[in-house]
file work-v3.csv (CSV, C-alpha atoms)
chain,number,residue,atom,x,y,z
B,1,ILE,CA,138.7,114.4,-74.0
B,2,GLY,CA,139.1,112.8,-77.4
B,3,ILE,CA,142.4,111.4,-78.5
B,4,ARG,CA,143.2,109.9,-81.9
B,5,LYS,CA,146.0,109.3,-84.3
B,6,LYS,CA,146.3,112.6,-86.1
B,7,LEU,CA,148.9,112.1,-88.8
B,8,LYS,CA,152.3,110.8,-89.5
B,9,TYR,CA,155.3,112.9,-88.7
B,10,PRO,CA,158.1,111.3,-90.7
B,11,PRO,CA,160.5,109.8,-90.0
B,12,PHE,CA,160.2,109.3,-86.3
B,13,TYR,CA,156.9,110.2,-84.7
B,14,SER,CA,153.2,110.0,-85.0
B,15,LEU,CA,151.0,112.7,-83.5
B,16,ALA,CA,148.1,112.4,-81.1
B,17,LEU,CA,145.8,115.3,-80.3
B,18,ILE,CA,143.8,116.0,-77.2
B,19,LYS,CA,141.3,118.9,-77.3
B,20,ILE,CA,139.9,120.7,-74.3
B,21,SER,CA,137.0,123.1,-74.5
B,22,SER,CA,135.0,125.2,-72.0
B,23,ASN,CA,133.2,128.5,-71.9
B,24,ASP,CA,135.5,129.5,-69.0
B,25,ILE,CA,139.0,130.2,-70.3
B,26,ASP,CA,140.7,129.9,-66.9
B,27,LYS,CA,139.1,126.4,-66.3
B,28,CYS,CA,140.1,125.4,-69.8
B,29,LEU,CA,143.7,126.3,-69.2
B,30,LEU,CA,143.7,124.7,-65.7
B,31,GLU,CA,142.3,121.4,-67.0
B,32,GLY,CA,144.7,121.5,-69.9
B,33,ASN,CA,147.7,122.0,-67.6
B,34,LYS,CA,146.5,119.1,-65.4
B,35,ILE,CA,146.4,116.8,-68.4
B,36,ALA,CA,149.7,117.9,-69.8
B,37,ASN,CA,151.5,117.7,-66.4
B,38,TYR,CA,150.1,114.2,-65.9
B,39,LEU,CA,151.2,113.0,-69.3
B,40,ARG,CA,154.7,114.4,-68.9
B,41,LYS,CA,155.1,112.5,-65.6
B,42,ASN,CA,153.7,109.2,-66.9
B,43,ILE,CA,154.7,108.7,-70.5
B,44,LYS,CA,158.1,108.9,-72.1
B,45,GLU,CA,156.9,110.9,-75.0
B,46,ILE,CA,157.0,114.5,-76.1
B,47,VAL,CA,154.1,116.5,-74.8
B,48,LEU,CA,153.4,120.0,-76.2
B,49,GLY,CA,150.9,122.5,-74.9
B,50,PRO,CA,148.3,123.3,-73.9
B,51,SER,CA,148.0,126.0,-76.6
B,52,SER,CA,145.1,127.7,-78.4
B,53,CYS,CA,143.6,125.8,-81.3
B,54,MET,CA,143.7,127.3,-84.8
B,55,ILE,CA,140.2,128.6,-84.1
B,56,PRO,CA,140.5,129.5,-80.4
B,57,LYS,CA,136.9,130.6,-79.7
B,58,VAL,CA,133.5,129.7,-81.2
B,59,ASN,CA,130.2,130.9,-79.7
B,60,ASN,CA,131.7,131.8,-76.4
B,61,THR,CA,133.5,128.4,-76.1
B,62,TYR,CA,137.3,128.4,-75.8
B,63,TYR,CA,139.4,125.6,-77.4
B,64,PHE,CA,142.8,124.4,-76.4
B,65,GLN,CA,144.9,121.4,-77.5
B,66,ILE,CA,147.7,119.2,-76.3
B,67,ILE,CA,149.9,117.4,-78.9
B,68,ILE,CA,151.7,114.2,-78.1
B,69,LYS,CA,154.6,113.2,-80.4
B,70,TYR,CA,155.0,109.5,-79.8
B,71,LYS,CA,156.9,106.5,-81.0
B,72,ASN,CA,155.0,103.8,-79.1
B,73,VAL,CA,151.2,104.1,-79.2
B,74,ASN,CA,150.9,101.6,-76.3
B,75,SER,CA,152.2,104.1,-73.9
B,76,ILE,CA,149.3,106.4,-74.7
B,77,VAL,CA,146.7,103.6,-74.7
B,78,LYS,CA,147.8,102.6,-71.2
B,79,ILE,CA,147.3,106.1,-69.9
B,80,MET,CA,143.9,106.5,-71.4
B,81,ILE,CA,142.3,103.1,-70.9
B,82,GLY,CA,144.8,100.9,-69.1
B,83,ASP,CA,146.1,100.4,-65.5
B,84,LYS,CA,147.3,104.0,-65.3
B,85,LYS,CA,144.0,105.5,-66.5
B,86,MET,CA,144.1,109.3,-66.1
B,87,ASN,CA,141.9,110.7,-63.4
B,88,ILE,CA,141.8,114.5,-63.7
B,89,GLU,CA,140.3,114.9,-60.2
B,90,ASP,CA,143.4,113.5,-58.7
B,91,ILE,CA,145.8,115.9,-60.4
B,92,GLU,CA,146.7,119.1,-58.7
B,93,VAL,CA,148.0,122.2,-60.5
B,94,VAL,CA,148.8,125.3,-58.6
B,95,LYS,CA,147.7,128.4,-60.6
B,96,GLU,CA,150.3,131.1,-60.4
B,97,PRO,CA,149.0,134.5,-59.2
B,98,LYS,CA,149.2,137.4,-61.6
B,99,ILE,CA,151.8,139.6,-59.9
B,100,VAL,CA,152.4,143.3,-60.7
B,101,PHE,CA,155.4,145.0,-59.1
B,102,MET,CA,155.5,148.7,-58.5
B,103,GLY,CA,158.9,150.4,-57.7
B,104,THR,CA,161.4,152.8,-59.0
B,105,PRO,CA,164.9,153.3,-57.4
B,106,TYR,CA,167.8,150.9,-56.8
B,107,PHE,CA,166.3,150.1,-53.3
B,108,SER,CA,163.5,148.3,-55.1
B,109,ILE,CA,165.8,146.0,-57.2
B,110,PRO,CA,166.4,143.2,-54.7
B,111,VAL,CA,162.6,142.8,-54.3
B,112,LEU,CA,162.0,142.6,-58.0
B,113,GLU,CA,165.0,140.2,-58.5
B,114,ALA,CA,163.5,137.9,-55.9
B,115,LEU,CA,160.1,138.0,-57.5
B,116,ILE,CA,161.6,137.2,-61.0
B,117,LYS,CA,163.6,134.3,-59.6
B,118,ASN,CA,160.6,132.7,-57.9
B,119,PHE,CA,157.5,133.8,-59.8
B,120,THR,CA,156.2,135.2,-63.0
B,121,VAL,CA,155.9,138.9,-62.9
B,122,LYS,CA,153.2,140.0,-65.3
B,123,ALA,CA,154.2,143.7,-65.4
B,124,VAL,CA,156.2,146.4,-63.7
B,125,VAL,CA,154.9,149.9,-62.9
B,126,THR,CA,157.6,152.5,-62.4
B,127,GLN,CA,158.0,156.3,-62.6
B,128,PRO,CA,158.1,157.9,-66.1
B,129,ASP,CA,161.5,158.5,-67.7
B,130,ARG,CA,163.2,161.7,-66.5
B,131,LYS,CA,165.9,164.0,-68.0
B,132,SER,CA,169.2,164.0,-66.2
B,133,GLY,CA,172.3,166.1,-66.3
B,134,ARG,CA,173.1,169.2,-68.2
B,135,ASP,CA,172.6,167.5,-71.6
B,136,GLY,CA,169.1,166.5,-70.6
B,137,LYS,CA,169.6,162.8,-71.4
B,138,ILE,CA,166.6,160.6,-70.8
B,139,VAL,CA,167.4,158.1,-68.0
B,140,TYR,CA,165.4,154.9,-67.2
B,141,SER,CA,164.7,154.0,-63.6
B,142,PRO,CA,166.7,151.1,-62.3
B,143,VAL,CA,163.5,149.1,-62.0
B,144,LYS,CA,162.7,149.7,-65.7
B,145,GLN,CA,166.2,148.6,-66.7
B,146,LEU,CA,165.8,145.3,-64.8
B,147,ALA,CA,162.3,144.7,-66.2
B,148,ALA,CA,163.5,145.4,-69.8
B,149,THR,CA,166.4,143.0,-69.3
B,150,ASN,CA,163.9,140.3,-68.3
B,151,ASN,CA,161.4,141.1,-71.1
B,152,ILE,CA,158.7,142.2,-68.6
B,153,LEU,CA,156.0,144.7,-69.6
B,154,VAL,CA,156.7,148.2,-68.2
B,155,ILE,CA,153.9,150.7,-67.4
B,156,GLN,CA,154.8,154.3,-66.6
B,157,PRO,CA,151.8,156.4,-65.6
B,158,GLU,CA,152.4,160.1,-65.0
B,159,ASN,CA,149.7,160.1,-62.3
B,160,ILE,CA,148.6,156.7,-60.9
B,161,LYS,CA,145.5,158.2,-59.3
B,162,GLU,CA,144.2,159.1,-62.7
B,163,GLN,CA,145.7,156.3,-64.7
B,164,TYR,CA,145.2,153.3,-62.3
B,165,GLU,CA,143.1,151.5,-64.9
B,166,GLU,CA,146.2,150.8,-66.9
B,167,VAL,CA,147.1,148.5,-64.0
B,168,THR,CA,143.7,147.0,-63.2
B,169,ALA,CA,143.4,146.1,-66.9
B,170,LEU,CA,146.0,143.5,-66.3
B,171,GLU,CA,143.7,141.8,-63.8
B,172,PRO,CA,146.4,141.4,-61.1
B,173,ASP,CA,145.9,138.9,-58.3
B,174,LEU,CA,148.6,140.5,-56.2
B,175,ILE,CA,150.4,143.9,-56.3
B,176,ILE,CA,153.7,144.3,-54.5
B,177,THR,CA,155.1,147.8,-54.0
B,178,CYS,CA,158.6,149.0,-52.9
B,179,ALA,CA,159.6,152.7,-53.1
B,180,TYR,CA,157.3,153.3,-56.1
B,181,GLY,CA,157.1,157.1,-55.6
B,182,GLN,CA,153.3,157.8,-55.8
B,183,ILE,CA,150.4,157.2,-53.5
B,184,LEU,CA,148.1,154.5,-54.8
B,185,PRO,CA,144.4,155.3,-55.1
B,186,LYS,CA,141.8,153.3,-53.2
B,187,GLU,CA,140.4,151.8,-56.4
B,188,LEU,CA,143.8,150.2,-57.1
B,189,ILE,CA,144.5,149.0,-53.6
B,190,GLU,CA,141.1,147.3,-53.4
B,191,TYR,CA,141.3,145.6,-56.8
B,192,PRO,CA,143.7,142.5,-56.3
B,193,SER,CA,142.1,139.5,-54.8
B,194,LEU,CA,145.3,138.8,-52.8
B,195,GLY,CA,145.7,142.4,-51.8
B,196,VAL,CA,148.6,144.9,-52.0
B,197,VAL,CA,151.8,144.3,-50.1
B,198,ASN,CA,154.0,147.4,-49.4
B,199,ILE,CA,157.7,146.8,-48.6
B,200,HIS,CA,159.1,149.7,-46.7
B,201,ALA,CA,162.6,150.7,-45.5
B,202,SER,CA,161.5,150.9,-41.8
B,203,LEU,CA,159.0,149.6,-39.4
B,204,LEU,CA,155.6,151.3,-39.9
B,205,PRO,CA,153.9,153.3,-38.6
B,206,LYS,CA,156.5,154.3,-35.9
B,207,LEU,CA,159.4,155.0,-38.3
B,208,ARG,CA,157.4,156.5,-41.2
B,209,GLY,CA,158.6,158.9,-43.8
B,210,ALA,CA,159.9,159.1,-47.3
B,211,ALA,CA,163.5,158.5,-46.4
B,212,PRO,CA,163.7,156.7,-43.1
B,213,ILE,CA,167.3,155.4,-43.7
B,214,HIS,CA,168.7,158.9,-44.0
B,215,HIS,CA,167.1,160.0,-40.7
call {"tool": "encode", "arguments": {"input": "work-v3.csv", "output": "structure tokens"}}
result
Amino acid sequence: IGIRKKLKYPPFYSLALIKISSNDIDKCLLEGNKIANYLRKNIKEIVLGPSSCMIPKVNNTYYFQIIIKYKNVNSIVKIMIGDKKMNIEDIEVVKEPKIVFMGTPYFSIPVLEALIKNFTVKAVVTQPDRKSGRDGKIVYSPVKQLAATNNILVIQPENIKEQYEEVTALEPDLIITCAYGQILPKELIEYPSLGVVNIHASLLPKLRGAAPIHH
């Protein structure tokens, strides 16, 4: 980690730059987040990042940076070489899992709302848009409407068994399904490292079926 006075930012701040590099992009981001979180907790300065450098990758090495806008250089010096010297090994950052949600009707909405409130949902997979009524107006599924409202990527495969790679391309750690409407292929079920969790309207396998509430 190199830190130096980068340039003046008139009229209030100077800038310091910390660069992080690794041939493993996940490690690079993890270490960068550790450093940034530590700085935010221990100095009363503005900490930005980590973000990609202007040239983000050279010869299979990734480069990220953290920018500190500071008024008092002593606060930075104390962190780097003083009594509060930063020890990265002592900093813990929990990496959020990449979550993909699969659902379609209103029944799925409370599950997606809870996920959005507590986690970052990488994408939503829902049934394709269908025509409705005599005028044949295209209607979005309730899940798609909620995803769009929250600026979440929406994927709508016609046949998930043939198009499952659209989902695995996102490299999900966890898939949560609730009334999606199609049977997932084995390739998709076995992909996430944290597995696939299916939320059903009844206790399985005893009360199985497509519409257990109605029966």
call {"tool": "closest_residue", "arguments": {"input": "work-v3.csv", "among": "B:Val143, B:Ile43, B:Leu188, B:Thr149", "to": "Lys161 of chain B", "atoms": "all atoms listed in the file"}}
result
B:Leu188
call {"tool": "closest_residue", "arguments": {"input": "work-v3.csv", "among": "B:Val154, B:Ile109, B:Ala148, B:Cys53", "to": "Thr126 of chain B", "atoms": "only C-alpha atoms"}}
result
B:Val154
call {"tool": "residues_around", "arguments": {"input": "work-v3.csv", "residues": "Ser51 of chain B", "least_positions_apart": "2", "cutoff": "7 Å", "atoms": "all atoms listed in the file", "output": "PyMOL selection string"}}
result
chain B and resi 49+53+64-66
call {"tool": "atom_distance", "arguments": {"input": "work-v3.csv", "atom1": "atom CA of Gly181 of chain B", "atom2": "atom CA of Gly195 of chain B"}}
result
19.0 Å
call {"tool": "residues_around", "arguments": {"input": "work-v3.csv", "residues": "Gly103 of chain B", "least_positions_apart": "5", "cutoff": "10 Å", "atoms": "only C-alpha atoms", "output": "PyMOL selection string"}}
result
chain B and resi 108-109+111-112+124-127+141-144+176-182+199
call {"tool": "residues_around", "arguments": {"input": "work-v3.csv", "residues": "Tyr70 of chain B", "least_positions_apart": "4", "cutoff": "8 Å", "atoms": "only C-alpha atoms", "output": "PyMOL selection string"}}
result
chain B and resi 13-16+45-46
call {"tool": "write_last_selection", "arguments": {"input": "work-v3.csv", "atoms": "C-alpha atoms", "output": "mmCIF file, in the coordinates of the input"}}
result
data_model
loop_
_atom_site.group_PDB
_atom_site.id
_atom_site.type_symbol
_atom_site.label_atom_id
_atom_site.label_comp_id
_atom_site.auth_asym_id
_atom_site.auth_seq_id
_atom_site.Cartn_x
_atom_site.Cartn_y
_atom_site.Cartn_z
ATOM 1 C CA TYR B 13 156.900 110.200 -84.700
ATOM 2 C CA SER B 14 153.200 110.000 -85.000
ATOM 3 C CA LEU B 15 151.000 112.700 -83.500
ATOM 4 C CA ALA B 16 148.100 112.400 -81.100
ATOM 5 C CA GLU B 45 156.900 110.900 -75.000
ATOM 6 C CA ILE B 46 157.000 114.500 -76.100
#
call {"tool": "closest_residue", "arguments": {"input": "work-v3.csv", "among": "B:Lys137, B:Lys98, B:His200, B:Arg208", "to": "Ala169 of chain B", "atoms": "only C-alpha atoms"}}
result
B:Lys98
call {"tool": "closest_residue", "arguments": {"input": "work-v3.csv", "among": "B:Lys34, B:Ile18, B:Ile189, B:Phe101", "to": "Gln156 of chain B", "atoms": "only C-alpha atoms"}}
result
B:Phe101
call {"tool": "residues_around", "arguments": {"input": "work-v3.csv", "residues": "segment 158-160 of chain B", "least_positions_apart": "4", "cutoff": "7 Å", "atoms": "all atoms listed in the file", "output": "PyMOL selection string"}}
result
chain B and resi 128+164+184
call {"tool": "closest_residue", "arguments": {"input": "work-v3.csv", "among": "B:Lys27, B:Lys41, B:Lys57, B:Lys122", "to": "Val167 of chain B", "atoms": "all atoms listed in the file"}}
result
B:Lys122
